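Below is the file run-v2.txt, which contains compact mmCIF, C-alpha atoms.
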```
# COMPACT_ATOMS: atom_id res chain seq x y z
CA MET G 1 -24.82 26.07 -124.63
CA ALA G 2 -24.06 22.58 -125.74
CA PRO G 3 -21.80 22.27 -128.76
CA SER G 4 -24.28 20.14 -130.67
CA ASP G 5 -22.16 20.04 -133.81
CA LEU G 6 -19.38 18.15 -132.06
CA THR G 7 -20.07 14.44 -131.88
CA GLU G 8 -18.58 12.09 -129.35
CA GLN G 9 -16.20 10.85 -132.05
CA ASP G 10 -15.08 14.41 -132.78
CA LEU G 11 -14.27 14.96 -129.11
CA GLN G 12 -12.27 11.74 -128.99
CA ASP G 13 -10.01 13.07 -131.73
CA LEU G 14 -9.14 16.17 -129.76
CA ILE G 15 -6.59 16.72 -127.05
CA ALA G 16 -6.36 19.71 -124.73
CA CYS G 17 -3.13 20.90 -123.19
CA PRO G 18 -3.56 20.48 -119.43
CA THR G 19 -1.40 23.54 -118.69
CA CYS G 20 -2.78 26.13 -121.11
CA ASP G 21 -6.08 24.70 -122.42
CA ALA G 22 -5.10 24.83 -126.11
CA VAL G 23 -6.97 22.26 -128.22
CA TYR G 24 -5.39 20.17 -130.97
CA HIS G 25 -6.32 17.42 -133.39
CA ILE G 26 -4.63 14.24 -132.33
CA VAL G 27 -2.06 13.16 -134.88
CA PRO G 28 -0.43 10.17 -133.20
CA PRO G 29 3.35 10.71 -133.26
CA GLU G 30 5.72 7.95 -134.29
CA LYS G 31 7.33 5.94 -131.52
CA GLY G 32 10.20 7.97 -130.14
CA GLN G 33 8.72 11.27 -131.31
CA ARG G 34 6.99 13.72 -129.04
CA ALA G 35 3.95 15.90 -129.55
CA VAL G 36 4.29 19.17 -127.70
CA CYS G 37 1.91 22.05 -127.13
CA ALA G 38 2.80 24.86 -129.56
CA ARG G 39 2.03 27.51 -126.99
CA CYS G 40 3.49 26.32 -123.68
CA HIS G 41 5.67 23.41 -124.84
CA THR G 42 4.11 20.91 -122.44
CA VAL G 43 4.74 17.37 -123.73
CA LEU G 44 1.33 16.00 -124.65
CA ILE G 45 2.06 12.63 -126.26
CA ALA G 46 5.38 10.78 -126.15
CA PRO G 47 4.96 7.12 -127.05
CA ARG G 48 7.96 4.82 -126.84
CA LYS G 49 8.60 1.32 -128.03
CA ARG G 50 7.94 -1.24 -125.29
CA ALA G 51 7.50 1.56 -122.74
CA GLY G 52 5.06 -0.59 -120.77
CA GLU G 53 7.52 -3.42 -120.17
CA GLN G 54 10.31 -0.96 -119.34
CA LEU G 55 8.11 0.89 -116.87
CA ILE G 56 7.11 -2.33 -115.14
CA ALA G 57 10.76 -3.35 -114.90
CA ILE G 58 11.69 0.05 -113.46
CA ALA G 59 8.80 -0.03 -110.98
CA LEU G 60 9.84 -3.51 -109.78
CA SER G 61 13.43 -2.34 -109.32
CA ILE G 62 12.22 0.68 -107.35
CA VAL G 63 10.24 -1.54 -104.96
CA ILE G 64 13.19 -3.89 -104.44
CA LEU G 65 15.69 -1.04 -104.00
CA VAL G 66 13.60 0.92 -101.51
CA VAL G 67 12.86 -2.15 -99.40
CA ALA G 68 16.50 -3.26 -99.47
CA ALA G 69 17.77 0.27 -98.81
CA THR G 70 15.75 0.47 -95.60
CA LEU G 71 17.28 -2.80 -94.36
CA PHE G 72 20.97 -2.33 -95.19
CA PRO G 73 23.26 0.17 -93.41
CA PHE G 74 23.18 3.54 -95.09
CA LEU G 75 25.97 5.73 -93.77
CA SER G 76 28.41 5.22 -90.94
CA ILE G 77 30.65 7.73 -89.22
CA ASN G 78 33.92 7.36 -87.40
CA VAL G 79 35.70 9.92 -85.22
CA GLY G 80 38.69 8.88 -83.13
CA GLY G 81 37.48 5.33 -82.57
CA LEU G 82 33.89 6.29 -81.85
CA GLY G 83 31.54 5.10 -84.55
CA HIS G 84 27.87 5.21 -85.39
CA ALA G 85 25.89 3.76 -88.27
CA ALA G 86 22.52 4.95 -89.51
CA SER G 87 20.01 3.32 -91.81
CA VAL G 88 17.50 5.14 -93.99
CA LEU G 89 14.83 4.31 -91.44
CA ASP G 90 16.99 5.91 -88.71
CA ALA G 91 17.20 9.06 -90.81
CA ALA G 92 13.46 9.08 -91.36
CA LEU G 93 12.84 8.57 -87.66
CA ALA G 94 15.48 11.10 -86.57
CA PHE G 95 12.75 13.55 -85.64
CA SER G 96 10.95 11.19 -83.25
CA SER G 97 13.17 12.25 -80.32
CA SER G 98 10.91 15.16 -79.46
CA PRO G 99 7.13 14.74 -79.34
CA LEU G 100 6.42 17.75 -81.54
CA LEU G 101 8.65 16.47 -84.32
CA VAL G 102 7.07 12.98 -84.51
CA VAL G 103 4.70 14.28 -87.19
CA LEU G 104 7.72 15.25 -89.26
CA SER G 105 9.16 11.75 -88.85
CA LEU G 106 5.96 10.27 -90.24
CA ALA G 107 5.96 12.72 -93.14
CA VAL G 108 9.60 12.01 -94.01
CA THR G 109 9.05 8.24 -93.82
CA ALA G 110 6.06 8.65 -96.11
CA VAL G 111 7.74 10.73 -98.80
CA ILE G 112 11.01 8.80 -99.00
CA ILE G 113 9.78 5.21 -98.44
CA PHE G 114 6.02 4.64 -98.65
CA VAL G 115 5.00 6.97 -101.48
CA PRO G 116 7.69 5.80 -103.95
CA VAL G 117 6.87 2.14 -103.21
CA LEU G 118 3.12 2.73 -103.44
CA ARG G 119 3.49 4.57 -106.76
CA ALA G 120 5.60 1.75 -108.18
CA LEU G 121 3.11 -0.90 -107.03
CA LEU G 122 0.16 1.05 -108.47
CA LEU G 123 1.98 1.40 -111.77
CA ILE G 124 2.70 -2.34 -111.94
CA TYR G 125 -0.96 -3.04 -111.18
CA VAL G 126 -2.18 -0.68 -113.90
CA LEU G 127 0.34 -1.53 -116.63
CA THR G 128 0.59 -5.32 -116.38
CA PRO G 129 -2.82 -6.06 -117.97
CA ILE G 130 -2.25 -3.38 -120.63
CA VAL G 131 1.11 -4.84 -121.63
CA ARG G 132 -0.40 -8.33 -121.85
CA ASP G 133 -3.28 -7.03 -124.02
CA ARG G 134 -5.83 -7.91 -121.37
CA PRO G 135 -8.73 -5.69 -120.29
CA PRO G 136 -7.68 -3.19 -117.59
CA ALA G 137 -7.64 -4.42 -114.00
CA ASP G 138 -10.48 -3.52 -111.61
CA HIS G 139 -10.20 0.07 -110.41
CA ALA G 140 -7.19 0.57 -112.69
CA ILE G 141 -8.40 4.11 -113.45
CA ARG G 142 -8.53 4.99 -109.76
CA ALA G 143 -5.13 3.38 -109.20
CA PHE G 144 -3.50 5.40 -111.98
CA ARG G 145 -5.22 8.57 -110.79
CA LEU G 146 -3.84 8.04 -107.29
CA SER G 147 -0.39 7.32 -108.66
CA GLU G 148 -0.49 10.56 -110.65
CA ALA G 149 -1.73 12.57 -107.66
CA LEU G 150 1.14 11.22 -105.55
CA ARG G 151 3.78 12.15 -108.11
CA PRO G 152 4.94 15.44 -106.49
CA TRP G 153 5.06 13.76 -103.07
CA SER G 154 7.51 11.04 -104.01
CA MET G 155 10.85 12.42 -102.87
CA ALA G 156 13.33 9.55 -102.82
CA GLU G 157 15.55 11.29 -105.36
CA ILE G 158 15.58 14.49 -103.30
CA PHE G 159 16.64 12.45 -100.26
CA ALA G 160 19.56 11.08 -102.29
CA ILE G 161 20.76 14.61 -103.06
CA GLY G 162 20.22 15.51 -99.40
CA CYS G 163 22.73 12.76 -98.55
CA ALA G 164 25.32 14.36 -100.78
CA VAL G 165 24.82 17.74 -99.09
CA ALA G 166 25.02 16.18 -95.61
CA LEU G 167 28.22 14.38 -96.59
CA VAL G 168 29.84 17.62 -97.72
CA LYS G 169 28.87 19.24 -94.43
CA ILE G 170 30.47 16.65 -92.17
CA ALA G 171 33.28 15.44 -94.42
CA ASP G 172 35.94 17.53 -92.68
CA LEU G 173 34.66 16.74 -89.17
CA ALA G 174 34.55 12.98 -89.36
CA GLN G 175 35.31 10.00 -91.52
CA VAL G 176 32.15 8.85 -93.29
CA HIS G 177 31.65 5.40 -94.82
CA LEU G 178 29.03 4.81 -97.45
CA GLY G 179 26.96 1.67 -96.89
CA PRO G 180 25.25 -0.42 -99.59
CA ALA G 181 21.97 1.42 -99.02
CA PHE G 182 23.65 4.66 -100.09
CA TRP G 183 24.40 3.25 -103.53
CA MET G 184 20.90 1.80 -103.74
CA PHE G 185 19.45 5.24 -103.19
CA SER G 186 21.74 6.70 -105.83
CA ALA G 187 20.49 4.08 -108.31
CA LEU G 188 16.95 4.86 -107.21
CA MET G 189 17.42 8.46 -108.21
CA VAL G 190 18.28 7.46 -111.78
CA LEU G 191 15.32 5.06 -111.93
CA VAL G 192 12.84 7.68 -110.73
CA VAL G 193 14.01 10.09 -113.43
CA LEU G 194 13.76 7.34 -116.09
CA GLN G 195 10.29 6.38 -114.86
CA ASP G 196 9.03 9.90 -115.40
CA SER G 197 10.60 10.30 -118.83
CA PHE G 198 9.41 6.92 -120.17
CA MET G 199 5.83 7.38 -119.13
CA CYS G 200 3.41 8.62 -121.76
CA ARG G 201 0.35 9.49 -119.70
CA TYR G 202 -1.79 9.97 -122.79
CA THR G 203 -1.12 6.40 -123.96
CA VAL G 204 -1.93 4.97 -120.52
CA TRP G 205 -5.20 6.89 -120.20
CA LYS G 206 -6.14 5.93 -123.75
CA SER G 207 -5.66 2.24 -123.04
CA LEU G 208 -7.65 2.49 -119.81
CA GLU G 209 -10.58 4.07 -121.65
CA LYS G 210 -13.52 1.73 -122.02
CA MET P 211 2.86 35.92 -130.06
CA GLU P 212 2.03 34.74 -133.55
CA ILE P 213 0.75 31.48 -132.11
CA ALA P 214 -1.97 33.02 -130.00
CA GLY P 215 -3.98 33.93 -133.10
CA LYS P 216 -4.17 30.30 -134.17
CA VAL P 217 -4.46 28.39 -130.91
CA ARG P 218 -7.97 27.93 -129.62
CA THR P 219 -8.66 26.94 -126.07
CA ALA P 220 -11.23 24.40 -124.98
CA ARG P 221 -13.03 27.19 -123.16
CA GLU P 222 -13.39 29.26 -126.34
CA MET P 223 -14.78 26.21 -128.14
CA GLY P 224 -17.46 25.68 -125.52
CA LEU P 225 -15.64 22.62 -124.25
CA VAL P 226 -14.05 21.71 -120.99
CA ALA P 227 -10.71 19.93 -120.84
CA CYS P 228 -9.67 17.37 -118.27
CA ALA P 229 -6.51 18.71 -116.67
CA ARG P 230 -5.41 15.23 -115.66
CA CYS P 231 -5.88 13.08 -118.78
CA THR P 232 -6.23 15.78 -121.52
CA ARG P 233 -9.61 14.44 -122.73
CA VAL P 234 -12.08 17.05 -124.00
CA TRP P 235 -15.76 17.13 -123.03
CA PRO P 236 -18.75 19.38 -123.77
CA ARG P 237 -19.00 22.33 -121.39
CA GLY P 238 -21.04 21.44 -118.32
CA THR P 239 -19.81 17.86 -117.99
CA ALA P 240 -19.16 17.32 -114.28
CA ARG P 241 -16.64 14.52 -114.32
CA CYS P 242 -14.24 13.11 -116.89
CA THR P 243 -15.55 9.69 -117.88
CA ARG P 244 -12.08 8.52 -118.84
CA CYS P 245 -10.19 9.24 -115.62
CA GLY P 246 -12.88 10.38 -113.17
CA HIS P 247 -11.23 13.74 -112.55
CA LYS P 248 -13.51 16.63 -111.64
CA LEU P 249 -13.90 18.93 -114.63
CA GLN P 250 -13.65 22.69 -114.31
CA SER P 251 -13.04 24.94 -117.24
CA ARG P 252 -11.32 27.36 -114.87
CA ASP P 253 -11.06 26.87 -111.15
CA ARG P 254 -12.91 29.94 -109.86
CA LEU P 255 -11.59 29.42 -106.36
CA ALA P 256 -8.03 28.80 -107.58
CA LEU P 257 -6.70 32.22 -106.61
CA GLN P 258 -8.27 32.07 -103.16
CA LYS P 259 -6.70 28.66 -102.56
CA VAL P 260 -3.35 29.90 -103.83
CA TRP P 261 -3.39 32.88 -101.47
CA ALA P 262 -4.63 30.79 -98.53
CA TRP P 263 -1.80 28.25 -98.84
CA TRP P 264 0.64 31.05 -99.60
CA VAL P 265 -0.17 32.92 -96.37
CA VAL P 266 0.06 29.74 -94.26
CA GLY P 267 3.36 28.87 -95.95
CA LEU P 268 4.76 32.32 -95.22
CA MET P 269 3.57 32.10 -91.61
CA CYS P 270 5.52 28.85 -91.24
CA TYR P 271 8.59 30.27 -92.95
CA ILE P 272 9.05 32.97 -90.29
CA PRO P 273 9.50 30.60 -87.28
CA ALA P 274 11.57 28.36 -89.55
CA ASN P 275 14.14 31.15 -89.63
CA MET P 276 13.83 32.27 -86.00
CA TYR P 277 14.13 28.93 -84.21
CA PRO P 278 17.19 26.65 -84.31
CA MET P 279 17.36 24.16 -87.15
CA LEU P 280 20.08 22.05 -85.51
CA ARG P 281 21.21 21.61 -81.95
CA THR P 282 24.88 20.58 -82.05
CA ARG P 283 26.66 19.30 -78.95
CA MET P 284 30.45 18.94 -79.09
CA LEU P 285 31.83 17.58 -75.81
CA ALA P 286 30.41 20.01 -73.27
CA THR P 287 29.44 22.91 -75.51
CA THR P 288 26.02 23.02 -77.08
CA SER P 289 25.18 25.38 -79.91
CA GLU P 290 21.83 26.09 -81.46
CA ASP P 291 21.91 27.51 -84.94
CA THR P 292 19.21 29.05 -87.02
CA ILE P 293 19.53 28.66 -90.79
CA ILE P 294 21.13 32.07 -91.34
CA ALA P 295 23.34 31.93 -88.21
CA GLY P 296 24.62 28.53 -89.34
CA ALA P 297 25.56 29.88 -92.75
CA VAL P 298 27.24 32.95 -91.22
CA GLU P 299 29.25 30.72 -88.88
CA LEU P 300 30.38 28.55 -91.78
CA ALA P 301 31.50 31.67 -93.63
CA HIS P 302 33.49 32.78 -90.55
CA HIS P 303 35.27 29.43 -90.61
CA GLY P 304 36.19 29.99 -94.23
CA SER P 305 33.69 27.62 -95.89
CA TYR P 306 32.26 30.28 -98.16
CA GLY P 307 31.09 27.75 -100.74
CA ILE P 308 28.89 25.74 -98.38
CA ALA P 309 27.62 28.92 -96.72
CA LEU P 310 26.56 30.23 -100.11
CA VAL P 311 24.82 26.94 -101.04
CA ILE P 312 22.89 27.00 -97.74
CA LEU P 313 21.86 30.61 -98.19
CA VAL P 314 20.69 29.98 -101.75
CA ALA P 315 18.82 26.77 -100.91
CA SER P 316 17.20 27.89 -97.66
CA VAL P 317 16.70 31.61 -98.12
CA LEU P 318 16.93 32.73 -101.74
CA ILE P 319 14.88 29.87 -103.27
CA PRO P 320 12.04 29.89 -100.67
CA VAL P 321 11.74 33.68 -100.76
CA GLY P 322 11.89 33.58 -104.56
CA LYS P 323 9.08 31.02 -104.61
CA PHE P 324 6.87 33.20 -102.42
CA LEU P 325 7.52 36.20 -104.66
CA ILE P 326 6.91 34.32 -107.93
CA ILE P 327 3.67 32.70 -106.77
CA ALA P 328 2.40 36.03 -105.45
CA GLY P 329 3.40 37.74 -108.69
CA LEU P 330 1.64 35.11 -110.82
CA ALA P 331 -1.55 35.24 -108.76
CA PHE P 332 -1.47 39.05 -108.85
CA SER P 333 -0.88 39.15 -112.62
CA VAL P 334 -3.99 37.06 -113.34
CA ARG P 335 -6.15 39.82 -111.87
CA HIS P 336 -4.17 42.89 -112.77
CA GLY P 337 -2.17 41.99 -115.86
CA SER P 338 1.58 41.90 -116.12
CA ALA P 339 4.44 43.37 -118.06
CA LEU P 340 5.71 39.84 -118.68
CA SER P 341 4.36 37.81 -121.58
CA PRO P 342 2.21 34.74 -120.75
CA GLU P 343 5.01 32.51 -122.06
CA ARG P 344 7.50 34.06 -119.64
CA ARG P 345 5.04 33.76 -116.75
CA HIS P 346 4.34 30.17 -117.69
CA GLN P 347 8.08 29.48 -117.53
CA LEU P 348 8.18 31.00 -114.05
CA TYR P 349 5.26 28.78 -113.03
CA GLU P 350 7.03 25.67 -114.35
CA LEU P 351 10.14 26.72 -112.44
CA VAL P 352 8.22 27.07 -109.16
CA GLU P 353 6.43 23.75 -109.71
CA TYR P 354 9.78 22.09 -110.37
CA ILE P 355 11.92 23.51 -107.58
CA GLY P 356 9.16 23.42 -104.97
CA ARG P 357 9.81 19.83 -103.94
CA TRP P 358 13.58 20.31 -103.89
CA SER P 359 13.36 22.61 -100.89
CA MET P 360 12.69 19.52 -98.78
CA ILE P 361 16.42 18.87 -99.13
CA ASP P 362 17.09 20.97 -96.02
CA VAL P 363 14.79 18.81 -93.93
CA PHE P 364 16.44 15.65 -95.25
CA VAL P 365 19.91 17.00 -94.47
CA VAL P 366 18.82 17.65 -90.87
CA ALA P 367 17.38 14.12 -90.71
CA ILE P 368 20.57 12.53 -92.03
CA LEU P 369 22.90 14.59 -89.84
CA SER P 370 20.95 14.00 -86.64
CA SER P 371 20.60 10.27 -87.23
CA LEU P 372 24.27 9.89 -88.18
CA VAL P 373 26.09 12.13 -85.72
CA GLN P 374 25.25 10.29 -82.50
CA LEU P 375 28.66 9.76 -80.90
CA GLY P 376 27.69 9.55 -77.24
CA THR P 377 29.65 12.01 -75.13
CA LEU P 378 31.83 13.26 -77.99
CA ALA P 379 29.28 14.84 -80.26
CA ALA P 380 25.60 14.70 -81.05
CA ILE P 381 23.28 16.56 -83.38
CA GLN P 382 19.58 16.92 -82.60
CA PRO P 383 16.97 18.35 -84.94
CA GLY P 384 15.59 21.72 -83.93
CA ILE P 385 11.98 22.83 -83.98
CA ALA P 386 12.61 24.98 -87.06
CA SER P 387 12.88 21.83 -89.18
CA LEU P 388 9.17 21.18 -88.61
CA PHE P 389 8.22 24.72 -89.61
CA PHE P 390 10.53 24.60 -92.61
CA ALA P 391 8.95 21.33 -93.83
CA LEU P 392 5.45 22.75 -93.31
CA SER P 393 6.42 25.88 -95.21
CA VAL P 394 7.67 23.78 -98.15
CA ILE P 395 4.52 21.63 -98.15
CA PHE P 396 2.18 24.65 -98.04
CA THR P 397 4.11 26.42 -100.80
CA MET P 398 3.84 23.27 -102.94
CA LEU P 399 0.08 23.18 -102.31
CA SER P 400 -0.14 26.87 -103.17
CA ALA P 401 1.64 26.33 -106.50
CA GLN P 402 -0.48 23.26 -107.24
CA SER P 403 -3.70 25.19 -106.60
CA PHE P 404 -2.76 27.76 -109.20
CA ASP P 405 -4.68 27.12 -112.42
CA SER P 406 -1.98 27.77 -115.03
CA ARG P 407 -4.65 28.17 -117.74
CA LEU P 408 -5.50 31.52 -116.14
CA ILE P 409 -2.09 32.86 -117.22
CA PHE P 410 -3.08 32.58 -120.87
CA ASP P 411 -6.64 33.79 -120.31
CA ALA P 412 -5.36 37.05 -118.92
CA ASP P 413 -3.87 37.68 -122.34
CA PRO P 414 -6.06 40.22 -124.17
CA PRO P 415 -8.18 38.42 -126.76
CA VAL P 416 -6.44 38.31 -130.13
CA GLU P 417 -9.58 37.55 -132.08
CA PRO P 418 -12.91 39.40 -132.06
CA PRO P 419 -15.65 37.80 -129.95
CA LEU P 420 -16.56 34.40 -131.31
CA PRO P 421 -19.84 33.72 -133.05
CA GLY P 422 -22.26 31.17 -131.67
CA LEU P 423 -21.08 27.62 -131.74
CA SER P 424 -23.51 26.59 -134.43
CA ALA P 425 -21.60 28.86 -136.82
CA LEU P 426 -18.38 26.94 -136.23
CA PRO P 427 -17.25 24.14 -138.50
CA PRO P 428 -16.92 20.64 -137.13
CA VAL P 429 -13.45 20.42 -135.72
CA ALA P 430 -12.47 16.82 -135.89
CA HIS P 431 -12.00 15.90 -139.54
CA GLU P 432 -10.05 17.82 -142.07
CA ALA P 433 -12.46 16.87 -144.85
CA ASP P 434 -15.46 18.27 -143.01
CA THR P 435 -14.14 21.82 -142.99
CA SER P 436 -16.40 23.93 -145.12
CA PRO P 437 -14.53 26.30 -147.45
CA GLU P 438 -15.99 29.53 -146.02
CA SER P 439 -14.85 28.76 -142.52
CA PRO P 440 -11.84 30.86 -141.46
CA GLY P 441 -8.75 28.73 -141.02
CA PRO P 442 -7.57 30.02 -137.65
CA ARG P 443 -10.84 29.01 -135.98
CA ARG P 444 -10.00 25.34 -136.25
CA PRO P 445 -7.80 23.76 -133.62
CA ARG P 446 -4.29 23.37 -134.89
CA ASP P 447 -2.88 20.03 -135.79
CA LEU P 448 -0.64 18.76 -133.10
CA THR P 449 2.91 19.79 -133.82
CA GLU P 450 5.26 16.89 -134.00
CA ARG P 451 8.83 17.21 -133.00
CA PRO P 452 11.44 14.50 -133.04
CA THR P 453 12.96 13.84 -129.64
CA PRO P 454 16.11 15.88 -129.46
```
Give the structure from the file, written as structure tokens.
Amino acid sequence: MAPSDLTEQDLQDLIACPTCDAVYHIVPPEKGQRAVCARCHTVLIAPRKRAGEQLIAIALSIVILVVAATLFPFLSINVGGLGHAASVLDAALAFSSSPLLVVLSLAVTAVIIFVPVLRALLLIYVLTPIVRDRPPADHAIRAFRLSEALRPWSMAEIFAIGCAVALVKIADLAQVHLGPAFWMFSALMVLVVLQDSFMCRYTVWKSLEK
Amino acid sequence: MEIAGKVRTAREMGLVACARCTRVWPRGTARCTRCGHKLQSRDRLALQKVWAWWVVGLMCYIPANMYPMLRTRMLATTSEDTIIAGAVELAHHGSYGIALVILVASVLIPVGKFLIIAGLAFSVRHGSALSPERRHQLYELVEYIGRWSMIDVFVVAILSSLVQLGTLAAIQPGIASLFFALSVIFTMLSAQSFDSRLIFDADPPVEPPLPGLSALPPVAHEADTSPESPGPRRPRDLTERPTP
């Protein structure tokens, strides 16, 4: 049963809530306002002034911070003259000591280093042409789709909180020094949160539409 | 529940909505032309996938609690602690706060997630005493906290990479960390497989069965609405709210 009375243009003016399937007329909100689903309160449209430029800037910072954070010392420990320093990469590879846990090392490396960087790069690739009012880049739709699918698997901010918990656990056993990479990861946490709150997915999809 | 009388779902309108980019298409469209996402009005296999991932996640959660999470060596003594034993030991040493945090993060939250997902999946088939709004809030909660359970695995990673002091002390990750990570991943997949639109479908229909689509007014333009068409049948205008 095809809804013959709905033209293509009619469908373009509708938006469906992805969480509860409720359909609405699109009334574009002002910049800074949000359109939310009346039933389940999912944010549907949330345009912001210059969100594109801000998102590109945030994504660039994320790439730089993650790469730098893997190079610089992260945490170091000192007990009675004996010391040891660990980088983020050391932490990710901590499980590689036993053969069964190597898989876990790969997974941890992926979720705290590769996925956040890949998402940021994909976002830069998708948004740069849009911001410059050029036609979307080749495969931009696929790139944005991948970036969206990877969203739950980007866990850099969770790793940062994990550091805090680990610090509390060993604080009374040993003296712990925070390296530059620790502060980079803390900054990363803020950036990841900002990235998610600045992004209006509806606006991005709309501008990718041919 | 005053809203339910006015809201119309894409399914009721003979349409199918793209769950990724919110575009609406006529029922029967296979793929969203805007984002390429596969279109399904309701994922018929959703509940089977939810239960499949749920069972695997639970199966991994059991060894995660039985095997040691950390192997700590202090001088000559080596201790292997499971999650619960570690928390109990901390409590014995007087660190009640940390023990409580560990118990909440590694036991209460994972078990709660299993229960909530099971409850949601069950309620779709058999109804529930909770309103759809309340169940949707529970679903959002599970989706949100699911990833945060990985914190335990990261703590083990940080501790065992940092505490490497030769003969004095060393911490090695235990096999439970693998099972715990797998359990978190499978629970996340279980929650992701759940089609949240089913929560609202399970709601008993507020309106009488709909007439054929040809009887419906065009939905897009306000001006096109014929006077005899009942107001609630049209999709509502998007509510606008200023950012708080």
Practice prompt. May I have the protein, DNA and RNA residues with an atom at most 9 Å from (13.0, 20.9, -84.9), counting all atoms listed in the file in the file's coordinates, returned as number ranges by chain?
Written response: G: 95, 98, 100-101, 104; P: 274, 277-281, 366, 382-390
Please produce a file of the residues just selected, as a compact mmCIF listing (two decimals), keeping the file's coordinate frame, where the atoms kept are C-alpha atoms.
```txt
# COMPACT_ATOMS: atom_id res chain seq x y z
CA PHE G 95 12.75 13.55 -85.64
CA SER G 98 10.91 15.16 -79.46
CA LEU G 100 6.42 17.75 -81.54
CA LEU G 101 8.65 16.47 -84.32
CA LEU G 104 7.72 15.25 -89.26
CA ALA P 274 11.57 28.36 -89.55
CA TYR P 277 14.13 28.93 -84.21
CA PRO P 278 17.19 26.65 -84.31
CA MET P 279 17.36 24.16 -87.15
CA LEU P 280 20.08 22.05 -85.51
CA ARG P 281 21.21 21.61 -81.95
CA VAL P 366 18.82 17.65 -90.87
CA GLN P 382 19.58 16.92 -82.60
CA PRO P 383 16.97 18.35 -84.94
CA GLY P 384 15.59 21.72 -83.93
CA ILE P 385 11.98 22.83 -83.98
CA ALA P 386 12.61 24.98 -87.06
CA SER P 387 12.88 21.83 -89.18
CA LEU P 388 9.17 21.18 -88.61
CA PHE P 389 8.22 24.72 -89.61
CA PHE P 390 10.53 24.60 -92.61
```
Worksheet item: Do you know which residues lie at most 10 Å from (-5.7, -3.7, -121.4), with coordinates as in the file and all atoms listed in the file counted, and could you write them as a ChimeraX atom specification?
Response: /G:126-137,140,204,206-210
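Closest approach to G:Ser97 from the set P:Ile395, P:Cys242, P:Ala331, P:Ala367 is made by P:Ala367, with distances taken over all atoms listed in the file.
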Name all residues at most 8 Å from stretch 56-70 of chain G (count only C-alpha atoms; drop same-chain ones fewer than 5 positions away) and give them as a PDB file with C-alpha atoms, in the coordinates of the input.
```
ATOM      1  CA  SER G  87      20.010   3.320 -91.810  1.00  0.00           C
ATOM      2  CA  VAL G  88      17.500   5.140 -93.990  1.00  0.00           C
ATOM      3  CA  LEU G  89      14.830   4.310 -91.440  1.00  0.00           C
ATOM      4  CA  ILE G 113       9.780   5.210 -98.440  1.00  0.00           C
ATOM      5  CA  PRO G 116       7.690   5.800-103.950  1.00  0.00           C
ATOM      6  CA  VAL G 117       6.870   2.140-103.210  1.00  0.00           C
ATOM      7  CA  ALA G 120       5.600   1.750-108.180  1.00  0.00           C
ATOM      8  CA  LEU G 121       3.110  -0.900-107.030  1.00  0.00           C
ATOM      9  CA  LEU G 123       1.980   1.400-111.770  1.00  0.00           C
ATOM     10  CA  ILE G 124       2.700  -2.340-111.940  1.00  0.00           C
ATOM     11  CA  LEU G 127       0.340  -1.530-116.630  1.00  0.00           C
ATOM     12  CA  THR G 128       0.590  -5.320-116.380  1.00  0.00           C
ATOM     13  CA  PRO G 180      25.250  -0.420 -99.590  1.00  0.00           C
ATOM     14  CA  ALA G 181      21.970   1.420 -99.020  1.00  0.00           C
ATOM     15  CA  PHE G 182      23.650   4.660-100.090  1.00  0.00           C
ATOM     16  CA  MET G 184      20.900   1.800-103.740  1.00  0.00           C
ATOM     17  CA  PHE G 185      19.450   5.240-103.190  1.00  0.00           C
ATOM     18  CA  LEU G 188      16.950   4.860-107.210  1.00  0.00           C
ATOM     19  CA  LEU G 191      15.320   5.060-111.930  1.00  0.00           C
ATOM     20  CA  VAL G 192      12.840   7.680-110.730  1.00  0.00           C
ATOM     21  CA  GLN G 195      10.290   6.380-114.860  1.00  0.00           C
TER      22      GLN G 195
END
```
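Taking atom CA of G:Gln54 as the reference point, atom CA of G:Ile26 is found at 25.0 Å.
Residue nearest P:Ser338, chosen from P:Val373, P:Ala229, P:Arg237, P:Phe410 and counting all atoms listed in the file: P:Phe410.
Every protein or nucleic acid residue with an atom no more than 10 Å from G:Val115, counting only C-alpha atoms and leaving out same-chain residues fewer than 5 positions away, appears here: Thr109, Ala110, Ala120, Leu121, Ser147, Leu150, Arg151, Pro152, Trp153, Ser154, Met155 and Ala156 of chain G.
The shortest atom-to-atom distance to chain G, with all atoms listed in the file taken into account, belongs to P:Val365 out of P:Leu257, P:Ala328, P:Val365, P:Leu399.
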Item to complete: Select all residues from chain G having any atom no more than 7 Å from an atom of chain P (counting all atoms listed in the file, ignoring ligands), output as a PyMOL selection string.
Response: chain G and resi 2-3+5-6+10-11+13-27+29+32-36+38-40+76-77+82-86+90-92+94-95+101+104+141+145+158-159+162-163+165-166+202+205+209
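Shortest separation to P:Pro273 among P:Thr292, P:Arg241, P:Ile355, P:Ala301 occurs at residue P:Thr292, atoms counted being only C-alpha atoms.
The gap separating atom CA of G:Cys200 from atom CA of G:Arg48 is 7.8 Å, in Å to one decimal.
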Given 8 Å of margin on each side, can you work out the centre and size in Å (one decimal) of an axis-aligned box holding every listed atom of stretch 147-156 of chain G, as AutoDock Vina command-line options?
```
--center_x 5.8 --center_y 11.4 --center_z -106.7 --size_x 31.1 --size_y 24.1 --size_z 23.8
```
Fill in: Atomic separation - atom CA of G:Ile45 relative to atom CA of P:Ser400, Å
27.2 Å
Worksheet item: Between P:Leu330, P:Lys323, P:Ile272, P:Glu299, which has the minimum distance to P:Phe404 (counting all atoms listed in the file)?
Response: P:Leu330
